[in-house]
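*Asks:* Below you'll find the structure I mean.
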Amino acid sequence: MLAHFESERSNALANAYWNTLGLAVFTLMAMGFAHVLLRRKSELESARIAYRAATEEGVDGFYINRPLRDKDGRIYDYLVVDCNNRGAEIFKLQRHDLIGKTISDFYQGAVKEAAFARLQEALEKGVHESEVKVSERDRLDAEWINYKAVRSGDDLAVTIRDISENKAHLQELERRGNEDALTGLPNRHWIQNHLPSAIARAKESNTTIALLFVDIDGFKAVNDALGHTAGDELLKMIASRLKRTVRPHDHVVRLGGDEYVVLVEGAGRDEDVKRVAERALNVFKEGFHLASQNHTIGASIGISIYPRDGTDAETLLKNADIAMYAVKKEGKSNYQFYQHHFYEALKNRLNREIELRRAIELDEFEMYYQARVNIQDRSASSMEALVRWNHPTKGIISPIEFIPLAESTGLILPLGTLIIEKVCQQLSVWARAGKSIVPVSINVSPRQFNESNMLDVFTSALTRYSIEPEWVQIEITESMMMQETGHDVNVLTSLRDVGIKLCLDDFGTGYSSLSQLQELDLDVLKIDRAFTATIENEEGKVLVTAMIMMAHALGMLVVAEGVESENQMKILHELNCDEAQGYYISRPLPAHQAQLLFS
Ligand code: C2E
Ligand code: MG
Ligand code: MG
């Protein structure tokens, strides 16, 4: 009878036993968890205290902010749970003024929203860091702060660092990067950054922009003649004068060297831009007092207009530059609006320059020689070397076509050296072949004197080809003598000391004075063919007579250029002219033909 009861009982006991065991295990686990939690909490608290103690001495403001949530879990504010002294100080407060307050107690509107957004991001992503420009309403004792919030449990650890000084330093660096050190004007870097936004604004408001590219005429000459200090002084004077002529919101930029840009936003019609250009040109009319002298210096101005001449910064600058260049070509000291054909002309010129450069590399040049004769006995006295370009497709090109381009591009330097080389080589060929030698005169451009060491170039060629200095003469034009600077005179003197004779070419075209001629001490005077052409009438004869007498008085030998008839030869003989050169005697000829005249 009890068997049923016994089995029920032992089942119940077994159940009770397992239940009690389960409960005990659960209780133990719960106790364990509670202990861990408690320890965590006190650990967090001590960590917070330790952190604040550590940060108390620091320069950073430190805060613990706790999100306050409504019953739906939405955050409606942040409580400042803790902060260090520095943290309160940044807000010009005491710690106890801050702790226990919420962000809404201090901030409203946009400032509050920005603060909430930063903290919200830290809660979501674990961290938020940004540099914040402090506004009036931020109540902070700093201009720029670095703001960093890190999620720590449910709280946010916020550090604020005052980076105002750093920022000021960076801004200063940036300003300097945008500023031309000499004049204090904005520089090329600045305009490249500024122009795109100016263009965007003009597009938006349907207005125009004018770019005036201002380039000083003959700045290099001033710099060379008066020295760099005076050059710098001039650049500064021009900068401040330009600045004074434009409206306050227009910009004057120094692109570098002697180039400025006046940037006019909201430029209006061409008529208005013209007035700006005229005012800018007037800046130069006053003259400049430099190195205790007054100097007249002009400028060339090229203008491009947005949107007509370009819709991006690069094109506008380029086209203003091209227009400026066109002004230079047309005689300087003026202004021009950009026109498309300027671009074509420039491209053309650029192509010709490339072609000439290539021709120099490949040496497509040949020297022709034109005889000079003694008028008394008609014997050949010397020759002039005249360069020709043997173009592969265009045939022989006259120097009138490419010497000016070579001079303005600087290609005259390698070309000039090549010419001296070729003449010396030819002389050595003639000498070795036992031919009779007469002196050969070589035309030298002003730039060669200014920019390469002529004494070295000549003496080294003479040595290499074993040539006597008396075999070579140098022709310099009268206009070059007019722009003589002290340096060149020394070079001329030292060339003469070596034994190389100097000829003054194209005399009569450069208006040099008697005293200048006297000073320079040259050997030969070549009367320009424009005067030779007039000796058959009385007035012309009088003039040429005067030239010959003057040259003789200075101890110079006189050559008449461009003699084309027997009659001219006779008159020159009467006038006591020493030598003649011209088509009547011989045209310029290739080396082997020219040599025949002397053998
Ligand atoms: P230039 O030095 O005055 O040379 C004289 C020019 O007058 C030469 O022209 C010559 O061919 C030309 N000519 C000579 N006799 C007569 C004549 O009876 N009637 C006329 N109508 N013309 C005559 P080309 O060879 O065309 O040279 C022109 C200019 O190019 C030269 O004038 C010179 O300034 C320059 N040039 C020529 N070769 C060189 C050179 O090797 N280097 C440099 N830097 N310039 C050169
Ligand atoms: Mg000549
Ligand atoms: Mg000449």
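Starting from 1 in every chain, residues are counted up; chains themselves are A, B, ... following the order of the structure tokens, and ligands are numbered from 1 as listed.
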Can you tell me which residues sit at most 10 Å away from ligand 2, counting only C-alpha atoms and all ligand atoms, written as a compact mmCIF listing (two decimals) with all heavy atoms, in the first residue's frame?
*Replies:*
```txt
# COMPACT_ATOMS: atom_id res chain seq x y z
N GLN A 370 80.62 89.34 -97.02
CA GLN A 370 80.55 90.45 -97.96
C GLN A 370 81.83 91.29 -97.86
O GLN A 370 82.24 91.68 -96.76
CB GLN A 370 79.33 91.34 -97.67
CG GLN A 370 79.13 92.39 -98.75
CD GLN A 370 77.94 93.30 -98.48
OE1 GLN A 370 77.57 93.54 -97.33
NE2 GLN A 370 77.33 93.81 -99.55
N GLU A 384 82.62 91.19 -94.07
CA GLU A 384 81.67 91.12 -92.96
C GLU A 384 80.96 89.78 -93.04
O GLU A 384 80.51 89.35 -94.11
CB GLU A 384 80.63 92.25 -93.06
CG GLU A 384 79.56 92.15 -91.96
CD GLU A 384 78.57 93.32 -91.92
OE1 GLU A 384 78.61 94.16 -92.85
OE2 GLU A 384 77.77 93.36 -90.98
N ALA A 385 80.90 89.09 -91.90
CA ALA A 385 80.20 87.80 -91.85
C ALA A 385 78.72 88.06 -91.60
O ALA A 385 78.36 88.74 -90.64
CB ALA A 385 80.79 86.94 -90.74
N LEU A 386 77.87 87.54 -92.47
CA LEU A 386 76.42 87.73 -92.33
C LEU A 386 75.74 86.37 -92.33
O LEU A 386 75.98 85.54 -93.21
CB LEU A 386 75.90 88.60 -93.49
CG LEU A 386 76.44 90.04 -93.49
CD1 LEU A 386 76.32 90.67 -94.87
CD2 LEU A 386 75.71 90.89 -92.45
N SER A 441 84.63 90.74 -89.98
CA SER A 441 83.90 91.36 -88.87
C SER A 441 82.63 90.56 -88.56
O SER A 441 81.96 90.06 -89.47
CB SER A 441 83.55 92.81 -89.20
OG SER A 441 82.74 92.88 -90.35
N ILE A 442 82.35 90.43 -87.27
CA ILE A 442 81.21 89.63 -86.80
C ILE A 442 80.22 90.57 -86.10
O ILE A 442 80.62 91.36 -85.25
CB ILE A 442 81.68 88.54 -85.81
CG1 ILE A 442 82.72 87.63 -86.48
CG2 ILE A 442 80.50 87.73 -85.30
CD1 ILE A 442 83.39 86.65 -85.52
N ASN A 443 78.95 90.47 -86.49
CA ASN A 443 77.92 91.29 -85.83
C ASN A 443 77.56 90.68 -84.48
O ASN A 443 77.30 89.48 -84.38
CB ASN A 443 76.66 91.35 -86.69
CG ASN A 443 76.90 92.12 -87.98
OD1 ASN A 443 76.95 93.34 -87.99
ND2 ASN A 443 77.09 91.39 -89.07
N VAL A 444 77.53 91.51 -83.44
CA VAL A 444 77.21 91.02 -82.09
C VAL A 444 76.05 91.85 -81.53
O VAL A 444 76.07 93.08 -81.60
CB VAL A 444 78.44 91.10 -81.17
CG1 VAL A 444 78.09 90.65 -79.77
CG2 VAL A 444 79.57 90.22 -81.72
N ILE A 474 84.68 93.17 -84.38
CA ILE A 474 83.32 93.05 -83.83
C ILE A 474 82.50 94.25 -84.30
O ILE A 474 82.97 95.39 -84.22
CB ILE A 474 83.36 93.00 -82.29
CG1 ILE A 474 84.00 91.69 -81.83
CG2 ILE A 474 81.96 93.14 -81.71
CD1 ILE A 474 84.19 91.59 -80.33
N GLU A 475 81.30 93.99 -84.79
CA GLU A 475 80.39 95.08 -85.17
C GLU A 475 79.31 95.21 -84.11
O GLU A 475 78.59 94.24 -83.83
CB GLU A 475 79.75 94.81 -86.54
CG GLU A 475 80.76 94.83 -87.67
CD GLU A 475 80.12 95.04 -89.04
OE1 GLU A 475 78.92 95.42 -89.10
OE2 GLU A 475 80.81 94.81 -90.05
N ILE A 476 79.22 96.40 -83.54
CA ILE A 476 78.11 96.66 -82.62
C ILE A 476 77.32 97.83 -83.18
O ILE A 476 77.91 98.73 -83.78
CB ILE A 476 78.62 96.97 -81.20
CG1 ILE A 476 79.78 97.96 -81.28
CG2 ILE A 476 79.07 95.71 -80.51
CD1 ILE A 476 80.36 98.30 -79.95
N THR A 477 76.01 97.81 -82.98
CA THR A 477 75.21 98.88 -83.58
C THR A 477 75.25 100.12 -82.71
O THR A 477 75.50 100.05 -81.51
CB THR A 477 73.74 98.45 -83.75
OG1 THR A 477 73.25 98.12 -82.46
CG2 THR A 477 73.61 97.27 -84.67
N CYS A 503 83.97 97.88 -84.52
CA CYS A 503 83.33 98.71 -85.54
C CYS A 503 81.97 99.18 -85.03
O CYS A 503 81.21 98.40 -84.44
CB CYS A 503 83.09 97.93 -86.82
SG CYS A 503 84.49 96.97 -87.38
N LEU A 504 81.67 100.45 -85.29
CA LEU A 504 80.34 100.96 -84.95
C LEU A 504 79.47 100.86 -86.20
O LEU A 504 79.70 101.56 -87.19
CB LEU A 504 80.47 102.41 -84.47
CG LEU A 504 79.20 103.02 -83.90
CD1 LEU A 504 78.67 102.19 -82.74
CD2 LEU A 504 79.46 104.45 -83.44
N ASP A 505 78.47 99.97 -86.13
CA ASP A 505 77.65 99.63 -87.29
C ASP A 505 76.44 100.57 -87.40
O ASP A 505 76.01 101.14 -86.40
CB ASP A 505 77.16 98.18 -87.10
CG ASP A 505 76.76 97.54 -88.42
OD1 ASP A 505 76.84 98.20 -89.46
OD2 ASP A 505 76.37 96.36 -88.38
N ASP A 506 75.92 100.71 -88.60
CA ASP A 506 74.68 101.47 -88.85
C ASP A 506 74.75 102.89 -88.28
O ASP A 506 73.77 103.39 -87.72
CB ASP A 506 73.47 100.75 -88.24
CG ASP A 506 73.31 99.34 -88.78
OD1 ASP A 506 73.93 99.04 -89.82
OD2 ASP A 506 72.57 98.55 -88.17
N LYS A 526 80.98 102.68 -89.42
CA LYS A 526 80.30 102.29 -90.66
C LYS A 526 79.06 103.15 -90.84
O LYS A 526 78.11 103.08 -90.05
CB LYS A 526 79.92 100.81 -90.61
CG LYS A 526 81.12 99.87 -90.52
CD LYS A 526 80.71 98.41 -90.51
CE LYS A 526 80.45 97.92 -91.93
NZ LYS A 526 80.16 96.46 -91.94
N ASP A 528 75.64 104.19 -92.10
CA ASP A 528 74.50 103.39 -92.51
C ASP A 528 74.12 103.65 -93.96
O ASP A 528 74.25 104.77 -94.46
CB ASP A 528 73.30 103.71 -91.61
CG ASP A 528 72.18 102.70 -91.80
OD1 ASP A 528 72.32 101.58 -91.28
OD2 ASP A 528 71.19 103.03 -92.51
N GLU A 561 78.46 102.01 -95.99
CA GLU A 561 77.71 100.78 -96.23
C GLU A 561 76.76 101.00 -97.40
O GLU A 561 76.36 102.13 -97.69
CB GLU A 561 76.84 100.44 -95.01
CG GLU A 561 77.59 99.99 -93.78
CD GLU A 561 76.62 99.48 -92.71
OE1 GLU A 561 75.94 100.31 -92.10
OE2 GLU A 561 76.54 98.25 -92.53
```
*Asks:* Among segment 263-352 of chain A, which ones does DSSP assign to strand (DSSP E or B) (computed from the backbone)? Answer as a list in words.
*Replies:*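 Restricting segment 263-352 of chain A to strand (DSSP E or B) produces Leu263, Val264, Glu265, Phe288, His289, Leu290, Gln293, Asn294, His295, Ala299, Ser300, Ile301, Gly302, Ile303, Ser304, Ile305, Tyr306, Tyr335, Gln336 and Phe337 of chain A.
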*Asks:* Those residues you just picked out, can you put them in a file as a PDB file, in the first residue's frame with N, CA, C and O atoms?
*Replies:*
```pdb
ATOM      1  N   LEU A 263      42.444  93.143 -59.875  1.00  0.00           N
ATOM      2  CA  LEU A 263      41.254  92.307 -59.993  1.00  0.00           C
ATOM      3  C   LEU A 263      40.038  93.138 -59.620  1.00  0.00           C
ATOM      4  O   LEU A 263      39.940  93.630 -58.496  1.00  0.00           O
ATOM      5  N   VAL A 264      39.149  93.314 -60.594  1.00  0.00           N
ATOM      6  CA  VAL A 264      37.962  94.123 -60.358  1.00  0.00           C
ATOM      7  C   VAL A 264      36.728  93.230 -60.458  1.00  0.00           C
ATOM      8  O   VAL A 264      36.381  92.765 -61.538  1.00  0.00           O
ATOM      9  N   GLU A 265      36.096  92.976 -59.325  1.00  0.00           N
ATOM     10  CA  GLU A 265      34.863  92.183 -59.340  1.00  0.00           C
ATOM     11  C   GLU A 265      33.697  93.145 -59.526  1.00  0.00           C
ATOM     12  O   GLU A 265      33.734  94.276 -59.042  1.00  0.00           O
ATOM     13  N   PHE A 288      59.266 108.419 -61.082  1.00  0.00           N
ATOM     14  CA  PHE A 288      59.693 107.768 -59.845  1.00  0.00           C
ATOM     15  C   PHE A 288      61.039 108.314 -59.407  1.00  0.00           C
ATOM     16  O   PHE A 288      61.971 108.403 -60.206  1.00  0.00           O
ATOM     17  N   HIS A 289      61.111 108.658 -58.149  1.00  0.00           N
ATOM     18  CA  HIS A 289      62.376 109.156 -57.616  1.00  0.00           C
ATOM     19  C   HIS A 289      63.173 107.978 -57.073  1.00  0.00           C
ATOM     20  O   HIS A 289      62.800 107.368 -56.074  1.00  0.00           O
ATOM     21  N   LEU A 290      64.246 107.633 -57.773  1.00  0.00           N
ATOM     22  CA  LEU A 290      65.037 106.463 -57.387  1.00  0.00           C
ATOM     23  C   LEU A 290      66.512 106.815 -57.449  1.00  0.00           C
ATOM     24  O   LEU A 290      66.949 107.460 -58.401  1.00  0.00           O
ATOM     25  N   GLN A 293      67.408 110.313 -58.311  1.00  0.00           N
ATOM     26  CA  GLN A 293      67.120 110.831 -59.645  1.00  0.00           C
ATOM     27  C   GLN A 293      65.662 110.551 -59.976  1.00  0.00           C
ATOM     28  O   GLN A 293      65.091 109.600 -59.456  1.00  0.00           O
ATOM     29  N   ASN A 294      65.113 111.370 -60.881  1.00  0.00           N
ATOM     30  CA  ASN A 294      63.753 111.083 -61.319  1.00  0.00           C
ATOM     31  C   ASN A 294      63.774 110.205 -62.560  1.00  0.00           C
ATOM     32  O   ASN A 294      64.570 110.427 -63.467  1.00  0.00           O
ATOM     33  N   HIS A 295      62.909 109.189 -62.579  1.00  0.00           N
ATOM     34  CA  HIS A 295      62.886 108.277 -63.717  1.00  0.00           C
ATOM     35  C   HIS A 295      61.472 108.184 -64.277  1.00  0.00           C
ATOM     36  O   HIS A 295      60.505 108.128 -63.523  1.00  0.00           O
ATOM     37  N   ALA A 299      54.152 101.363 -68.173  1.00  0.00           N
ATOM     38  CA  ALA A 299      53.671 100.002 -67.966  1.00  0.00           C
ATOM     39  C   ALA A 299      52.761  99.615 -69.117  1.00  0.00           C
ATOM     40  O   ALA A 299      52.163 100.471 -69.765  1.00  0.00           O
ATOM     41  N   SER A 300      52.685  98.312 -69.369  1.00  0.00           N
ATOM     42  CA  SER A 300      51.770  97.794 -70.386  1.00  0.00           C
ATOM     43  C   SER A 300      50.700  96.990 -69.677  1.00  0.00           C
ATOM     44  O   SER A 300      50.997  96.196 -68.787  1.00  0.00           O
ATOM     45  N   ILE A 301      49.442  97.233 -70.066  1.00  0.00           N
ATOM     46  CA  ILE A 301      48.330  96.585 -69.368  1.00  0.00           C
ATOM     47  C   ILE A 301      47.488  95.776 -70.352  1.00  0.00           C
ATOM     48  O   ILE A 301      47.033  96.298 -71.366  1.00  0.00           O
ATOM     49  N   GLY A 302      47.298  94.502 -70.059  1.00  0.00           N
ATOM     50  CA  GLY A 302      46.415  93.643 -70.842  1.00  0.00           C
ATOM     51  C   GLY A 302      45.193  93.306 -70.008  1.00  0.00           C
ATOM     52  O   GLY A 302      45.300  93.062 -68.806  1.00  0.00           O
ATOM     53  N   ILE A 303      44.020  93.311 -70.650  1.00  0.00           N
ATOM     54  CA  ILE A 303      42.785  93.131 -69.885  1.00  0.00           C
ATOM     55  C   ILE A 303      42.010  91.925 -70.390  1.00  0.00           C
ATOM     56  O   ILE A 303      41.806  91.759 -71.600  1.00  0.00           O
ATOM     57  N   SER A 304      41.575  91.082 -69.464  1.00  0.00           N
ATOM     58  CA  SER A 304      40.616  90.038 -69.841  1.00  0.00           C
ATOM     59  C   SER A 304      39.365  90.183 -68.975  1.00  0.00           C
ATOM     60  O   SER A 304      39.441  90.655 -67.848  1.00  0.00           O
ATOM     61  N   ILE A 305      38.239  89.801 -69.566  1.00  0.00           N
ATOM     62  CA  ILE A 305      36.951  90.000 -68.896  1.00  0.00           C
ATOM     63  C   ILE A 305      36.249  88.652 -68.742  1.00  0.00           C
ATOM     64  O   ILE A 305      36.151  87.882 -69.710  1.00  0.00           O
ATOM     65  N   TYR A 306      35.783  88.384 -67.506  1.00  0.00           N
ATOM     66  CA  TYR A 306      34.892  87.240 -67.320  1.00  0.00           C
ATOM     67  C   TYR A 306      33.479  87.681 -67.619  1.00  0.00           C
ATOM     68  O   TYR A 306      33.099  88.752 -67.139  1.00  0.00           O
ATOM     69  N   TYR A 335      47.145 100.220 -72.877  1.00  0.00           N
ATOM     70  CA  TYR A 335      46.368  99.059 -72.450  1.00  0.00           C
ATOM     71  C   TYR A 335      45.598  98.499 -73.633  1.00  0.00           C
ATOM     72  O   TYR A 335      45.401  99.184 -74.638  1.00  0.00           O
ATOM     73  N   GLN A 336      45.199  97.256 -73.523  1.00  0.00           N
ATOM     74  CA  GLN A 336      44.478  96.571 -74.602  1.00  0.00           C
ATOM     75  C   GLN A 336      43.537  95.553 -73.981  1.00  0.00           C
ATOM     76  O   GLN A 336      43.930  94.874 -73.035  1.00  0.00           O
ATOM     77  N   PHE A 337      42.342  95.437 -74.552  1.00  0.00           N
ATOM     78  CA  PHE A 337      41.470  94.327 -74.184  1.00  0.00           C
ATOM     79  C   PHE A 337      41.906  93.110 -74.990  1.00  0.00           C
ATOM     80  O   PHE A 337      42.375  93.246 -76.118  1.00  0.00           O
TER      81      PHE A 337
END
```
*Asks:* Report as a CSV table (one decimal) with N, CA, C and O atoms, in the first residue's frame all protein, DNA and RNA residues lying within 10 Å of Pro307 of chain A, evaluated on only C-alpha atoms, omitting residues in the same chain fewer than 4 positions from it.
*Replies:*
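Output saved as out_18.csv:
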```
chain,number,residue,atom,x,y,z
A,199,ILE,N,34.8,83.9,-59.5
A,199,ILE,CA,34.1,83.6,-60.7
A,199,ILE,C,32.7,83.0,-60.4
A,199,ILE,O,31.7,83.3,-61.0
A,202,ALA,N,30.4,85.7,-59.5
A,202,ALA,CA,30.0,86.5,-60.7
A,202,ALA,C,29.0,85.7,-61.5
A,202,ALA,O,28.0,86.3,-62.0
A,203,LYS,N,29.1,84.4,-61.5
A,203,LYS,CA,28.2,83.6,-62.3
A,203,LYS,C,26.8,83.7,-61.6
A,203,LYS,O,25.8,83.9,-62.3
A,206,ASN,N,25.4,87.1,-62.1
A,206,ASN,CA,25.4,87.6,-63.4
A,206,ASN,C,26.2,88.9,-63.6
A,206,ASN,O,25.7,89.8,-64.3
A,207,THR,N,27.3,89.0,-63.0
A,207,THR,CA,28.2,90.2,-63.1
A,207,THR,C,29.5,89.8,-63.8
A,207,THR,O,29.7,88.6,-64.1
A,208,THR,N,30.3,90.8,-64.1
A,208,THR,CA,31.6,90.6,-64.8
A,208,THR,C,32.7,90.8,-63.9
A,208,THR,O,32.6,91.4,-62.8
A,209,ILE,N,33.9,90.2,-64.3
A,209,ILE,CA,35.1,90.4,-63.6
A,209,ILE,C,36.1,91.0,-64.6
A,209,ILE,O,36.2,90.5,-65.7
A,210,ALA,N,36.9,91.9,-64.2
A,210,ALA,CA,38.0,92.4,-65.1
A,210,ALA,C,39.4,92.0,-64.5
A,210,ALA,O,39.5,92.3,-63.3
A,311,THR,N,36.2,81.5,-68.8
A,311,THR,CA,35.3,81.2,-67.7
A,311,THR,C,36.0,80.5,-66.5
A,311,THR,O,35.4,80.1,-65.5
A,312,ASP,N,37.3,80.4,-66.7
A,312,ASP,CA,38.1,79.8,-65.5
A,312,ASP,C,39.3,80.7,-65.2
A,312,ASP,O,39.8,81.5,-66.1
A,316,LEU,N,41.6,83.2,-67.9
A,316,LEU,CA,41.5,84.6,-67.7
A,316,LEU,C,42.9,85.3,-67.5
A,316,LEU,O,43.2,86.3,-68.1
```
*Asks:* Do a neighbour search on Gly582 of chain A at 6 Å with only C-alpha atoms, toss out local chain neighbours closer than 3 positions, and write the hits as a list in words.
*Replies:*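 Selected residues are Glu561, Gly562, Val563, Glu564 and Ile585 of chain A.
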*Asks:* Keeping only all heavy atoms, write the selected residues as a tab-separated table (two decimals), in the first residue's frame.
*Replies:*
```
chain	number	residue	atom	x	y	z
A	561	GLU	N	78.46	102.01	-95.99
A	561	GLU	CA	77.71	100.78	-96.23
A	561	GLU	C	76.76	101.00	-97.40
A	561	GLU	O	76.36	102.13	-97.69
A	561	GLU	CB	76.84	100.44	-95.01
A	561	GLU	CG	77.59	99.99	-93.78
A	561	GLU	CD	76.62	99.48	-92.71
A	561	GLU	OE1	75.94	100.31	-92.10
A	561	GLU	OE2	76.54	98.25	-92.53
A	562	GLY	N	76.38	99.94	-98.08
A	562	GLY	CA	75.32	99.98	-99.09
A	562	GLY	C	75.67	100.77	-100.34
A	562	GLY	O	74.80	101.43	-100.92
A	563	VAL	N	76.92	100.69	-100.76
A	563	VAL	CA	77.32	101.38	-102.00
A	563	VAL	C	76.80	100.57	-103.19
A	563	VAL	O	77.08	99.38	-103.30
A	563	VAL	CB	78.85	101.54	-102.07
A	563	VAL	CG1	79.24	102.21	-103.38
A	563	VAL	CG2	79.35	102.33	-100.87
A	564	GLU	N	76.01	101.25	-104.05
A	564	GLU	CA	75.36	100.50	-105.12
A	564	GLU	C	75.75	100.98	-106.53
A	564	GLU	O	75.27	100.45	-107.52
A	564	GLU	CB	73.84	100.53	-104.94
A	564	GLU	CG	73.41	99.76	-103.68
A	564	GLU	CD	71.89	99.68	-103.51
A	564	GLU	OE1	71.17	100.39	-104.22
A	564	GLU	OE2	71.47	98.87	-102.67
A	585	ILE	N	80.11	96.46	-105.11
A	585	ILE	CA	81.40	95.78	-104.99
A	585	ILE	C	81.17	94.27	-104.99
A	585	ILE	O	81.74	93.54	-105.78
A	585	ILE	CB	82.14	96.24	-103.72
A	585	ILE	CG1	82.44	97.73	-103.85
A	585	ILE	CG2	83.42	95.45	-103.49
A	585	ILE	CD1	82.14	98.51	-102.62
```
*Asks:* Work out how far apart atom CA of Thr159 of chain A and atom CA of Ile64 of chain A are and give it in Å to one decimal.
*Replies:* 8.9 Å
*Asks:* As an exercise, work out the distance from atom 24 (P, counted along the ligand's line) of ligand 1 to atom CA of Ile400 of chain A in Å and give it to one decimal place.
*Replies:*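 Those two atoms sit 6.5 Å apart.
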*Asks:* Considering only C-alpha atoms, return as a PyMOL selection string whatever protein or nucleic-acid residues lie within 6 Å of segment 420-432 of chain A, sequence-local ones (same chain, fewer than 3 positions apart) excluded.
*Replies:* chain A and resi 417+435+465
*Asks:* Report, in Å to a single decimal, how far apart atom CA of Ile571 of chain A and atom CA of Met550 of chain A are.
*Replies:* 17.6 Å
*Asks:* Rank nothing, just name the residue among A:Arg388, A:Glu286, A:Ala326, A:Ala149 nearest to Glu344 of chain A, using only C-alpha atoms.
*Replies:* A:Ala326
*Asks:* Please run DSSP on the backbone and report, as a ChimeraX atom specification, all residues within segment 461-575 of chain A that come out as helix (DSSP H, G or I).
*Replies:* /A:461-464,469-471,478-482,486-498,514-520,529-532,538-553,566-574
*Asks:* Write to file, as a CSV table (one decimal), in the first residue's frame, the residues of the selection just made, with C-alpha atoms.
*Replies:*
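Okay, this is what ended up in result23.csv:
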```
chain,number,residue,atom,x,y,z
A,461,ALA,CA,87.4,80.5,-79.9
A,462,LEU,CA,90.6,82.3,-81.0
A,463,THR,CA,92.7,79.8,-79.0
A,464,ARG,CA,90.9,76.7,-80.2
A,469,PRO,CA,93.1,88.5,-82.8
A,470,GLU,CA,93.6,90.9,-85.7
A,471,TRP,CA,91.7,88.5,-88.0
A,478,GLU,CA,75.0,102.5,-82.6
A,479,SER,CA,71.7,102.0,-80.8
A,480,MET,CA,73.5,99.4,-78.6
A,481,MET,CA,76.2,102.0,-77.8
A,482,MET,CA,73.4,104.3,-76.6
A,486,GLY,CA,79.6,100.6,-67.3
A,487,HIS,CA,79.9,96.9,-67.5
A,488,ASP,CA,79.8,96.7,-71.3
A,489,VAL,CA,82.4,99.4,-71.7
A,490,ASN,CA,84.8,97.3,-69.7
A,491,VAL,CA,84.1,94.3,-71.9
A,492,LEU,CA,84.7,96.4,-75.0
A,493,THR,CA,88.0,97.7,-73.6
A,494,SER,CA,89.2,94.3,-72.7
A,495,LEU,CA,88.3,92.9,-76.1
A,496,ARG,CA,90.2,95.8,-77.7
A,497,ASP,CA,93.2,95.0,-75.4
A,498,VAL,CA,93.2,91.5,-76.7
A,514,LEU,CA,80.2,113.2,-80.3
A,515,SER,CA,81.2,113.0,-76.7
A,516,GLN,CA,79.8,109.4,-76.5
A,517,LEU,CA,81.8,108.4,-79.5
A,518,GLN,CA,84.9,110.0,-78.0
A,519,GLU,CA,84.4,108.1,-74.8
A,520,LEU,CA,84.0,104.7,-76.4
A,529,ARG,CA,73.4,102.7,-96.0
A,530,ALA,CA,70.4,105.1,-95.6
A,531,PHE,CA,73.0,108.0,-95.6
A,532,THR,CA,75.1,106.5,-98.4
A,538,GLU,CA,73.8,118.2,-101.8
A,539,GLU,CA,72.2,117.9,-98.4
A,540,GLY,CA,73.1,114.3,-98.1
A,541,LYS,CA,76.6,115.0,-99.1
A,542,VAL,CA,77.0,117.7,-96.5
A,543,LEU,CA,75.8,115.3,-93.8
A,544,VAL,CA,78.1,112.5,-94.8
A,545,THR,CA,81.0,114.9,-95.1
A,546,ALA,CA,80.5,115.9,-91.5
A,547,MET,CA,80.3,112.3,-90.4
A,548,ILE,CA,83.6,111.5,-92.1
A,549,MET,CA,85.4,114.5,-90.8
A,550,MET,CA,84.2,113.8,-87.3
A,551,ALA,CA,85.2,110.1,-87.4
A,552,HIS,CA,88.7,111.1,-88.7
A,553,ALA,CA,89.0,113.6,-86.0
A,566,GLU,CA,80.2,103.8,-109.5
A,567,ASN,CA,79.0,107.3,-109.0
A,568,GLN,CA,78.6,106.8,-105.2
A,569,MET,CA,82.2,105.3,-105.2
A,570,LYS,CA,83.5,108.5,-106.9
A,571,ILE,CA,81.7,110.9,-104.5
A,572,LEU,CA,83.0,108.9,-101.5
A,573,HIS,CA,86.5,109.1,-102.8
A,574,GLU,CA,86.1,112.9,-103.1
```
*Asks:* Go through A:Ile437, A:Leu455, A:Leu28, A:Tyr78 and flag the residue nearest Glu113 of chain A, using only C-alpha atoms for the distances.
*Replies:*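 Of A:Ile437, A:Leu455, A:Leu28, A:Tyr78, the one nearest Glu113 of chain A is A:Tyr78, counting only C-alpha atoms.
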